[in-house]
Amino acid sequence: MVFILKKGVSQSAVQEFRKDWESKGFSTIWAPGTDHDAVCLIGNTSTVDMDAVVYTNPIVAYARRVTEPYKAASRTVHEDNTVITIGDVTIGDGGFTVIAGPCSVETEDQITTIARLTKQSGAKILRGGAFKPRTSPYSFQGLGKEGLALLSAAKKATGLPIVTEIMNQTQTPLFEDVDIVQIGARNMQNYDLLKEVGKMGKPVLLKRGLSSSIDELLMSAEYIMSSGCSDVILCERGIRTFETSTRNTLDISAVCVLKEKTHLPVIIDPSHACGIRSYVPALSKAAFAVGADGLLVEVHNDPAHALCDGAQSLDPEQFGNLMSQLKKYAQIENRSI
Ligand code: PEP
Ligand code: MN
């Protein structure tokens, strides 16, 4: 149930209102907005007389039942887009934020070279896996701790914030210097991990599970948010279908659906979606056109010798060309990039 507050109510009145509900065993979410602020009630609200609350609380303008199973992530509760700020980088403010980098961190030279070159072309955040969830136990599993140190070195050298995947709860202390914590597709429904990551005090990039519905993705976001993190970035990275021509099938319409259902920023990963380098620029442009808030794209300085996902990685020159095209689109639509 969400209570839309009258304009100009004092913070102390809001605090009192929330405390009152919390003393009755509910939890509350504070949802500020440009048009109006709101308080959402979480718990068994079936016995709450909505009209009575409106009549007896002078700060409440009106109330609505939130029918979606997710609350904190829902646009019904929080009308305005969530804008996530990492240093001087923003995601979700109407601009198009490009995150680029290799599938895996391999060497200091590799990661700093890619960071420098992608930054020159306009990437705002550096990606790179240190802990890699590989389908085969015999494949390269990532450099682990050492990979995180190399990412930090690349961050120091370029000033780019870094995003990297966490695979389990025991790794949280290692992620101090990481700016955005990534939950991979395979862990989207690892609820214990989601709860721990929600407590880390950092933005979270949540990838859609290989066979997960949009509502399941939103419920996973809800786990993170209900643990205290309001900065969740959703990532559509392709889903499993009967189609075998591409690694996965990019569900481009997921962006439209998510934009309606949630206030959280939505980005697209065209690389894992198709698995084929030559398709990545077209899908990236589709991401821009459909209204995604940005991209997570794999770039490698030497894709032919990449230890992971070389076939879907752009080289820095191809990435530069893509960015030039996206910048033209951004200019036409007056979006920052
Ligand atoms: C990745 O982004 O490095 C990755 C492993 O992607 P996904 O979890 O979407 O497969
Ligand atoms: Mn990859």
# chains A, B, ... in the order shown; residues from 1 in each chain; ligands from 1

call {"tool": "select_by_dssp", "arguments": {"residues": "segment 149-290 of chain A", "states": "alpha helix (DSSP H)", "output": "ChimeraX atom specification"}}
result
/A:149-158,191-197,214-226,253-261,270-274,280-290

call {"tool": "residues_near_ligand", "arguments": {"ligand": "ligand 1", "cutoff": "8 Å", "atoms": "only C-alpha atoms and all ligand atoms", "output": "MDAnalysis selection string"}}
result
chainID A and resid 103:104 128:129 132:134 164:165 182:187 207:210 237:238 269 272:273 296

call {"tool": "select_by_dssp", "arguments": {"residues": "segment 25-270 of chain A", "states": "strand (DSSP E or B)", "output": "ChimeraX atom specification"}}
result
/A:27-31,38-42,60-64,74,84-86,89-91,97-101,104,125-127,129,162-165,180-183,204-207,232-236,239,249,262,266-268

call {"tool": "write_last_selection", "arguments": {"atoms": "C-alpha atoms", "output": "PDB file, in the first residue's frame"}}
result
ATOM      1  CA  SER A  27       8.177  -1.807   7.401  1.00  0.00           C
ATOM      2  CA  THR A  28       8.094   1.370   5.335  1.00  0.00           C
ATOM      3  CA  ILE A  29       9.843   2.721   2.267  1.00  0.00           C
ATOM      4  CA  TRP A  30      10.411   6.441   1.781  1.00  0.00           C
ATOM      5  CA  ALA A  31       9.849   7.394  -1.868  1.00  0.00           C
ATOM      6  CA  ALA A  38       5.181   8.870  -0.800  1.00  0.00           C
ATOM      7  CA  VAL A  39       5.486   6.290   1.950  1.00  0.00           C
ATOM      8  CA  CYS A  40       5.031   2.647   1.034  1.00  0.00           C
ATOM      9  CA  LEU A  41       3.870   0.136   3.596  1.00  0.00           C
ATOM     10  CA  ILE A  42       5.330  -3.368   3.438  1.00  0.00           C
ATOM     11  CA  VAL A  60      -1.834  11.811   3.527  1.00  0.00           C
ATOM     12  CA  ALA A  61      -3.401  13.017   0.262  1.00  0.00           C
ATOM     13  CA  TYR A  62      -4.551   9.600  -0.970  1.00  0.00           C
ATOM     14  CA  ALA A  63      -3.631   5.919  -0.876  1.00  0.00           C
ATOM     15  CA  ARG A  64      -3.286   3.140  -3.419  1.00  0.00           C
ATOM     16  CA  SER A  74       7.877  -0.466  -8.501  1.00  0.00           C
ATOM     17  CA  ILE A  84      22.590   6.659  -9.832  1.00  0.00           C
ATOM     18  CA  THR A  85      25.709   8.744  -9.322  1.00  0.00           C
ATOM     19  CA  ILE A  86      29.212   7.335  -9.159  1.00  0.00           C
ATOM     20  CA  VAL A  89      29.171   9.606 -13.773  1.00  0.00           C
ATOM     21  CA  THR A  90      25.391   9.266 -13.741  1.00  0.00           C
ATOM     22  CA  ILE A  91      23.116   6.445 -14.885  1.00  0.00           C
ATOM     23  CA  THR A  97      26.098   5.686 -20.121  1.00  0.00           C
ATOM     24  CA  VAL A  98      28.531   3.316 -21.755  1.00  0.00           C
ATOM     25  CA  ILE A  99      30.346   0.719 -19.670  1.00  0.00           C
ATOM     26  CA  ALA A 100      33.100  -1.065 -21.591  1.00  0.00           C
ATOM     27  CA  GLY A 101      35.941  -3.467 -21.002  1.00  0.00           C
ATOM     28  CA  SER A 104      38.051 -10.977 -17.942  1.00  0.00           C
ATOM     29  CA  ILE A 125      32.871   3.073 -16.589  1.00  0.00           C
ATOM     30  CA  LEU A 126      35.322   0.157 -16.882  1.00  0.00           C
ATOM     31  CA  ARG A 127      34.092  -3.439 -16.725  1.00  0.00           C
ATOM     32  CA  GLY A 129      35.691  -9.889 -14.572  1.00  0.00           C
ATOM     33  CA  ILE A 162      34.984   0.013 -12.078  1.00  0.00           C
ATOM     34  CA  VAL A 163      32.292  -2.655 -12.185  1.00  0.00           C
ATOM     35  CA  THR A 164      33.046  -6.329 -11.602  1.00  0.00           C
ATOM     36  CA  GLU A 165      31.166  -9.483 -10.707  1.00  0.00           C
ATOM     37  CA  ILE A 180      29.545  -1.075  -8.832  1.00  0.00           C
ATOM     38  CA  VAL A 181      29.044  -4.686  -7.809  1.00  0.00           C
ATOM     39  CA  GLN A 182      27.808  -6.942 -10.607  1.00  0.00           C
ATOM     40  CA  ILE A 183      25.485  -9.884 -10.065  1.00  0.00           C
ATOM     41  CA  VAL A 204      24.533  -3.018  -7.877  1.00  0.00           C
ATOM     42  CA  LEU A 205      24.387  -4.052 -11.531  1.00  0.00           C
ATOM     43  CA  LEU A 206      21.888  -6.906 -11.694  1.00  0.00           C
ATOM     44  CA  LYS A 207      21.896  -9.036 -14.832  1.00  0.00           C
ATOM     45  CA  VAL A 232      20.159  -1.041  -8.623  1.00  0.00           C
ATOM     46  CA  ILE A 233      20.890  -1.034 -12.359  1.00  0.00           C
ATOM     47  CA  LEU A 234      19.019  -3.692 -14.330  1.00  0.00           C
ATOM     48  CA  CYS A 235      20.749  -5.328 -17.287  1.00  0.00           C
ATOM     49  CA  GLU A 236      19.057  -7.171 -20.133  1.00  0.00           C
ATOM     50  CA  ILE A 239      17.641 -14.854 -22.706  1.00  0.00           C
ATOM     51  CA  THR A 249      18.158 -13.718 -27.804  1.00  0.00           C
ATOM     52  CA  THR A 262      10.157   0.246 -12.531  1.00  0.00           C
ATOM     53  CA  VAL A 266      17.971  -0.298 -17.455  1.00  0.00           C
ATOM     54  CA  ILE A 267      21.008  -1.054 -19.590  1.00  0.00           C
ATOM     55  CA  ILE A 268      21.672  -3.574 -22.347  1.00  0.00           C
TER      56      ILE A 268
END

call {"tool": "residues_around", "arguments": {"residues": "Ser324 of chain A", "least_positions_apart": "6", "cutoff": "12 Å", "atoms": "only C-alpha atoms", "output": "VMD selection string"}}
result
chain A and resid 118 120 to 123 281 285 317 to 318 330 to 331 337

call {"tool": "closest_residue", "arguments": {"among": "A:Lys124, A:Asp177, A:Met219, A:Phe96", "to": "Ala287 of chain A", "atoms": "only C-alpha atoms"}}
result
A:Phe96

call {"tool": "residues_around", "arguments": {"residues": "Gln110 of chain A", "least_positions_apart": "5", "cutoff": "10 Å", "atoms": "only C-alpha atoms", "output": "PDB file with N, CA and C atoms, in the first residue's frame"}}
result
ATOM      1  N   GLY A 101      34.748  -2.801 -21.509  1.00  0.00           N
ATOM      2  CA  GLY A 101      35.941  -3.467 -21.002  1.00  0.00           C
ATOM      3  C   GLY A 101      35.909  -4.930 -21.368  1.00  0.00           C
ATOM      4  N   PRO A 102      36.976  -5.645 -20.987  1.00  0.00           N
ATOM      5  CA  PRO A 102      37.074  -7.046 -21.380  1.00  0.00           C
ATOM      6  C   PRO A 102      36.143  -7.934 -20.568  1.00  0.00           C
ATOM      7  N   SER A 104      37.232 -10.685 -19.136  1.00  0.00           N
ATOM      8  CA  SER A 104      38.051 -10.977 -17.942  1.00  0.00           C
ATOM      9  C   SER A 104      39.269 -10.078 -17.892  1.00  0.00           C
ATOM     10  N   VAL A 105      39.650  -9.746 -16.696  1.00  0.00           N
ATOM     11  CA  VAL A 105      40.927  -9.068 -16.493  1.00  0.00           C
ATOM     12  C   VAL A 105      42.021 -10.113 -16.690  1.00  0.00           C
ATOM     13  N   ALA A 115      41.220   0.267 -20.758  1.00  0.00           N
ATOM     14  CA  ALA A 115      40.591   1.372 -20.008  1.00  0.00           C
ATOM     15  C   ALA A 115      40.916   2.709 -20.671  1.00  0.00           C
ATOM     16  N   LEU A 150      44.324  -5.494 -10.286  1.00  0.00           N
ATOM     17  CA  LEU A 150      44.629  -4.921 -11.611  1.00  0.00           C
ATOM     18  C   LEU A 150      43.541  -3.937 -12.040  1.00  0.00           C
ATOM     19  N   ALA A 154      43.956   0.030 -12.983  1.00  0.00           N
ATOM     20  CA  ALA A 154      43.410   0.681 -14.183  1.00  0.00           C
ATOM     21  C   ALA A 154      42.521   1.869 -13.791  1.00  0.00           C
ATOM     22  N   HIS A 300      38.079  -5.793 -26.160  1.00  0.00           N
ATOM     23  CA  HIS A 300      39.381  -6.397 -25.846  1.00  0.00           C
ATOM     24  C   HIS A 300      40.416  -5.842 -26.808  1.00  0.00           C
ATOM     25  N   ASN A 301      41.639  -5.617 -26.285  1.00  0.00           N
ATOM     26  CA  ASN A 301      42.686  -5.050 -27.159  1.00  0.00           C
ATOM     27  C   ASN A 301      43.169  -6.060 -28.190  1.00  0.00           C
ATOM     28  N   ASP A 302      42.968  -7.360 -27.881  1.00  0.00           N
ATOM     29  CA  ASP A 302      43.404  -8.408 -28.806  1.00  0.00           C
ATOM     30  C   ASP A 302      42.371  -9.551 -28.757  1.00  0.00           C
ATOM     31  N   ALA A 306      41.903 -13.368 -26.589  1.00  0.00           N
ATOM     32  CA  ALA A 306      41.244 -13.149 -25.289  1.00  0.00           C
ATOM     33  C   ALA A 306      41.059 -14.484 -24.572  1.00  0.00           C
TER      34      ALA A 306
END

call {"tool": "closest_residue", "arguments": {"among": "A:Phe3, A:Phe26, A:Phe17, A:Phe140", "to": "His78 of chain A", "atoms": "only C-alpha atoms"}}
result
A:Phe3

call {"tool": "residues_around", "arguments": {"residues": "Asp231 of chain A", "least_positions_apart": "4", "cutoff": "8 Å", "atoms": "only C-alpha atoms", "output": "number ranges by chain"}}
result
A: 82-84, 202-204, 225, 264

call {"tool": "write_last_selection", "arguments": {"atoms": "N, CA and C atoms", "output": "mmCIF file, in the first residue's frame"}}
result
data_model
loop_
_atom_site.group_PDB
_atom_site.id
_atom_site.type_symbol
_atom_site.label_atom_id
_atom_site.label_comp_id
_atom_site.auth_asym_id
_atom_site.auth_seq_id
_atom_site.Cartn_x
_atom_site.Cartn_y
_atom_site.Cartn_z
ATOM 1 N N THR A 82 15.051 6.614 -10.968
ATOM 2 C CA THR A 82 16.196 6.632 -10.059
ATOM 3 C C THR A 82 17.438 7.006 -10.860
ATOM 4 N N VAL A 83 18.165 7.967 -10.351
ATOM 5 C CA VAL A 83 19.416 8.364 -10.993
ATOM 6 C C VAL A 83 20.554 7.936 -10.076
ATOM 7 N N ILE A 84 21.468 7.168 -10.626
ATOM 8 C CA ILE A 84 22.590 6.659 -9.832
ATOM 9 C C ILE A 84 23.841 7.467 -10.167
ATOM 10 N N LYS A 202 26.937 -0.087 -1.939
ATOM 11 C CA LYS A 202 27.409 0.269 -3.283
ATOM 12 C C LYS A 202 26.309 0.015 -4.297
ATOM 13 N N PRO A 203 26.313 0.750 -5.428
ATOM 14 C CA PRO A 203 25.359 0.421 -6.486
ATOM 15 C C PRO A 203 25.570 -1.014 -6.973
ATOM 16 N N VAL A 204 24.484 -1.622 -7.419
ATOM 17 C CA VAL A 204 24.533 -3.018 -7.877
ATOM 18 C C VAL A 204 24.035 -3.090 -9.316
ATOM 19 N N MET A 225 17.115 -4.326 -2.828
ATOM 20 C CA MET A 225 16.602 -3.059 -2.296
ATOM 21 C C MET A 225 16.105 -3.224 -0.865
ATOM 22 N N LEU A 264 13.943 2.020 -11.896
ATOM 23 C CA LEU A 264 15.382 1.738 -11.898
ATOM 24 C C LEU A 264 15.963 1.874 -13.301
#

call {"tool": "atom_distance", "arguments": {"atom1": "atom CA of Pro270 of chain A", "atom2": "atom CA of Val297 of chain A"}}
result
6.4 Å

call {"tool": "closest_residue", "arguments": {"among": "A:Met167, A:Val66, A:Ala130, A:Leu283", "to": "ligand 2", "atoms": "only C-alpha atoms and all ligand atoms"}}
result
A:Ala130

call {"tool": "atom_distance", "arguments": {"atom1": "atom CA of Ser220 of chain A", "atom2": "atom CA of Pro137 of chain A"}}
result
26.3 Å
